[in-house]
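Engineer: Supplied in structure tokens, the structure appears directly below.
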Amino acid sequence: MTGSAPVAVVIDGACSIGSGLERRDTTAASGPWTVVVRRDGGSFGHDGAVVTYPVPRETAAPGKVVKAFGRSYARIRGDLPAPDLRAIADRLTIAGGRPVVRPPEGMSVVATGTYRPASIHEIRYGTATLGEQDTLGGGLTYTGVAAAGGYEDHLYAYGNLTAALGGNGALAWEPKPGLIAFIGYSGAQQNDATSSALTRLAARARPINGDGWRALNPTVAVQSNDIP
């Protein structure tokens with residue numbers, strides 16, 4: 001699926017069509033905003049940083065630089081060396097209440113957007129319909145597509161996305177910069193076997209466009225798409 005830009009993701013070979021759920025956050029734009037900066041050749045969670053503004057006052061730490069703008073603060077967090085994070089901070093300004101970065105040489109801005117995704121497009125399946133019940137258990141398996149800024153920041157902070165994506169385990173990838181697709185499940189405890197099952201399901205995943213998504217007649221749930 002590399003290079004595609006799905007509106008949602010379906011799993012081929014399921015015994016029944018999944019049900020669509022849009023998790024719509026109508027207040028995401030009034031929360032923090034992100035700018036994703038990467039070295040040339042960087043990828044999701046590697047060789048980059050996420051700028052988030054505004055954030056509460058924080059203490060700088062390894063992998064994190066905090067910059068004050070009056071009484072407000074921006075956080076620059078990533079896996080780049082400290083001098084590179086400071087260079088991004090030096091080139092950070094605020095315009096219209098949102099962060100703007102003039103990237104250092106050898107880096108580029110690959111995405112901007114709200115920290116919380118304004119919309120998450122999920123498709124839910126009974127795990128048994130996917131043929132992975134013996135490994136994943138008899139619960140729910142779901143796919144999702146959402147804006148990635150807050151998720152990438154979470155990955156830099158904690159090194160894992162499972163808590164942010166819910167369920168007992170999840171596998172995520174980046175169809176294009178600024179967008180995350182994922183498969184997760186609720187059932188058996190995560191281990192090597194369940195990780196292998198998610199990898200098999202990801203190999204069966206394919207993108208669908210807006211028409212395909214609307215054909216599912218998705219339910220809309222208005223909520224805050226918080227990222228733990």
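Identifiers in this document derive from the order of the structure tokens: chains are assigned A, B, ..., residues are numbered from 1 separately in each chain, and ligands are numbered from 1 in order of occurrence.
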Write out as a Markdown table the residues of stretch 49-78 of chain A that have any atom within 12 Å of an atom of stretch 26-31 of chain A, one row each with the nearest atom pair and its distance in Å to one decimal, counting only C-alpha atoms, sorted by chain and then rising number.
Structural biologist:
| residue | atom | partner | partner_atom | distance |
| --- | --- | --- | --- | --- |
| A:Thr52 | CA | A:Gly31 | CA | 10.2 |
| A:Tyr53 | CA | A:Gly31 | CA | 8.7 |
| A:Pro54 | CA | A:Gly31 | CA | 8.0 |
| A:Val55 | CA | A:Gly31 | CA | 9.4 |
| A:Pro56 | CA | A:Gly31 | CA | 12.0 |
Engineer: Any chance you could list, as a PyMOL selection string, the residues in chain A that come up alpha helix (DSSP H) when DSSP is run on the backbone?
Structural biologist: chain A and resi 82-90+133-136+149-158+162-165+192-204+210-214
Engineer: Among stretch 9-182 of chain A, which residues does DSSP mark as strand (DSSP E or B) when it is run on the backbone? Keep the chain and numbering as in the structure and answer as a ChimeraX atom specification.
Structural biologist: /A:9-11,19-24,33-43,46-55,61,64-69,72-78,92-95,98-101,107-114,119-126,140-147,169-176,179-182
Engineer: Would you mind telling me which residue in A:Glu105, A:Glu58, A:Glu132, A:Glu174 lies nearest to A:Gly149 when using only C-alpha atoms?
Structural biologist: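 Among the listed residues, the smallest separation from A:Gly149 belongs to A:Glu174.
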Engineer: List the neighbours of stretch 184-199 of chain A out to 10 Å using only C-alpha atoms; skip same-chain residues closer than 6 positions along the sequence, and give me the result as a VMD selection string.
Structural biologist: chain A and resid 124 to 127 131 to 144 162 165 to 172 205
Engineer: If you measure from atom CA of A:Arg102 to atom CA of A:Arg38, what distance in Å do you get, rounded to one decimal?
Structural biologist: 12.0 Å
Engineer: What are the closest atom pairs, with distances in Å to one decimal, for each residue of stretch 135-213 of chain A lying within 10 Å of stretch 69-90 of chain A, using only C-alpha atoms, rows by chain and rising residue number, as a Markdown table?
Structural biologist:
| residue | atom | partner | partner_atom | distance |
| --- | --- | --- | --- | --- |
| A:Glu152 | CA | A:Gly78 | CA | 8.9 |
| A:Asp153 | CA | A:Arg77 | CA | 6.8 |
| A:His154 | CA | A:Arg77 | CA | 9.4 |
| A:Leu155 | CA | A:Gly78 | CA | 8.9 |
| A:Tyr156 | CA | A:Gly78 | CA | 5.4 |
| A:Ala157 | CA | A:Arg77 | CA | 7.5 |
Engineer: Pull N, CA, C and O atoms from the residues just selected and write them as a PDB file, in the first residue's frame.
Structural biologist:
ATOM      1  N   GLU A 152       2.501  10.456  15.356  1.00  0.00           N
ATOM      2  CA  GLU A 152       3.957  10.410  15.215  1.00  0.00           C
ATOM      3  C   GLU A 152       4.635  11.010  16.446  1.00  0.00           C
ATOM      4  O   GLU A 152       5.663  10.498  16.911  1.00  0.00           O
ATOM      5  N   ASP A 153       4.057  12.078  16.993  1.00  0.00           N
ATOM      6  CA  ASP A 153       4.600  12.636  18.229  1.00  0.00           C
ATOM      7  C   ASP A 153       4.530  11.612  19.359  1.00  0.00           C
ATOM      8  O   ASP A 153       5.479  11.458  20.141  1.00  0.00           O
ATOM      9  N   HIS A 154       3.410  10.901  19.471  1.00  0.00           N
ATOM     10  CA  HIS A 154       3.263   9.855  20.486  1.00  0.00           C
ATOM     11  C   HIS A 154       4.322   8.766  20.291  1.00  0.00           C
ATOM     12  O   HIS A 154       4.901   8.267  21.274  1.00  0.00           O
ATOM     13  N   LEU A 155       4.582   8.394  19.057  1.00  0.00           N
ATOM     14  CA  LEU A 155       5.583   7.368  18.784  1.00  0.00           C
ATOM     15  C   LEU A 155       6.965   7.816  19.239  1.00  0.00           C
ATOM     16  O   LEU A 155       7.719   7.037  19.832  1.00  0.00           O
ATOM     17  N   TYR A 156       7.313   9.080  18.982  1.00  0.00           N
ATOM     18  CA  TYR A 156       8.598   9.588  19.454  1.00  0.00           C
ATOM     19  C   TYR A 156       8.662   9.613  20.982  1.00  0.00           C
ATOM     20  O   TYR A 156       9.715   9.397  21.570  1.00  0.00           O
ATOM     21  N   ALA A 157       7.527   9.867  21.610  1.00  0.00           N
ATOM     22  CA  ALA A 157       7.513   9.972  23.068  1.00  0.00           C
ATOM     23  C   ALA A 157       7.601   8.616  23.752  1.00  0.00           C
ATOM     24  O   ALA A 157       8.287   8.467  24.773  1.00  0.00           O
TER      25      ALA A 157
END
Engineer: Could you check how far atom CA of A:Ser16 sits from atom CA of A:Pro175, in Å to one decimal?
Structural biologist: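 Answer for the atom CA of A:Ser16 to atom CA of A:Pro175 separation: 24.9 Å.
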Engineer: Can you measure atom CA of A:Val50 to atom CA of A:Pro6 for me? One decimal in Å is fine.
Structural biologist: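 Interatomic distance here is 22.5 Å.
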Engineer: Ranking A:Ser119, A:Thr59, A:Asn160, A:Thr129 by minimum distance to A:Asn225 and counting only C-alpha atoms, which one comes first?
Structural biologist: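 Selected residue with least distance to A:Asn225: A:Ser119.
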Engineer: Nearest to A:Val110: which of A:Gly18, A:Pro218, A:Gly48, A:Gly96 is it, counting only C-alpha atoms?
Structural biologist: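 Counting only C-alpha atoms, the residue closest to A:Val110 is A:Gly48.
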Engineer: May I ask which of the residues A:Leu130, A:Val37, A:Leu216, A:Ile227 is the closest one to A:Gly150, counting only C-alpha atoms?
Structural biologist: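 For A:Gly150, the nearest of the candidates is A:Ile227.
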Engineer: Would you mind telling me which residue in A:Met107, A:Asp25, A:Gly63, A:Thr34 lies nearest to A:Tyr158 when using only C-alpha atoms?
Structural biologist: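 Once distances to A:Tyr158 are computed over only C-alpha atoms, the minimum belongs to A:Gly63.
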Engineer: Counting only C-alpha atoms, which of A:Trp33, A:Arg116, A:Pro104, A:Ala5 gets nearest to A:Gln223?
Structural biologist: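 Ranked by minimum distance to A:Gln223, first place goes to A:Arg116.
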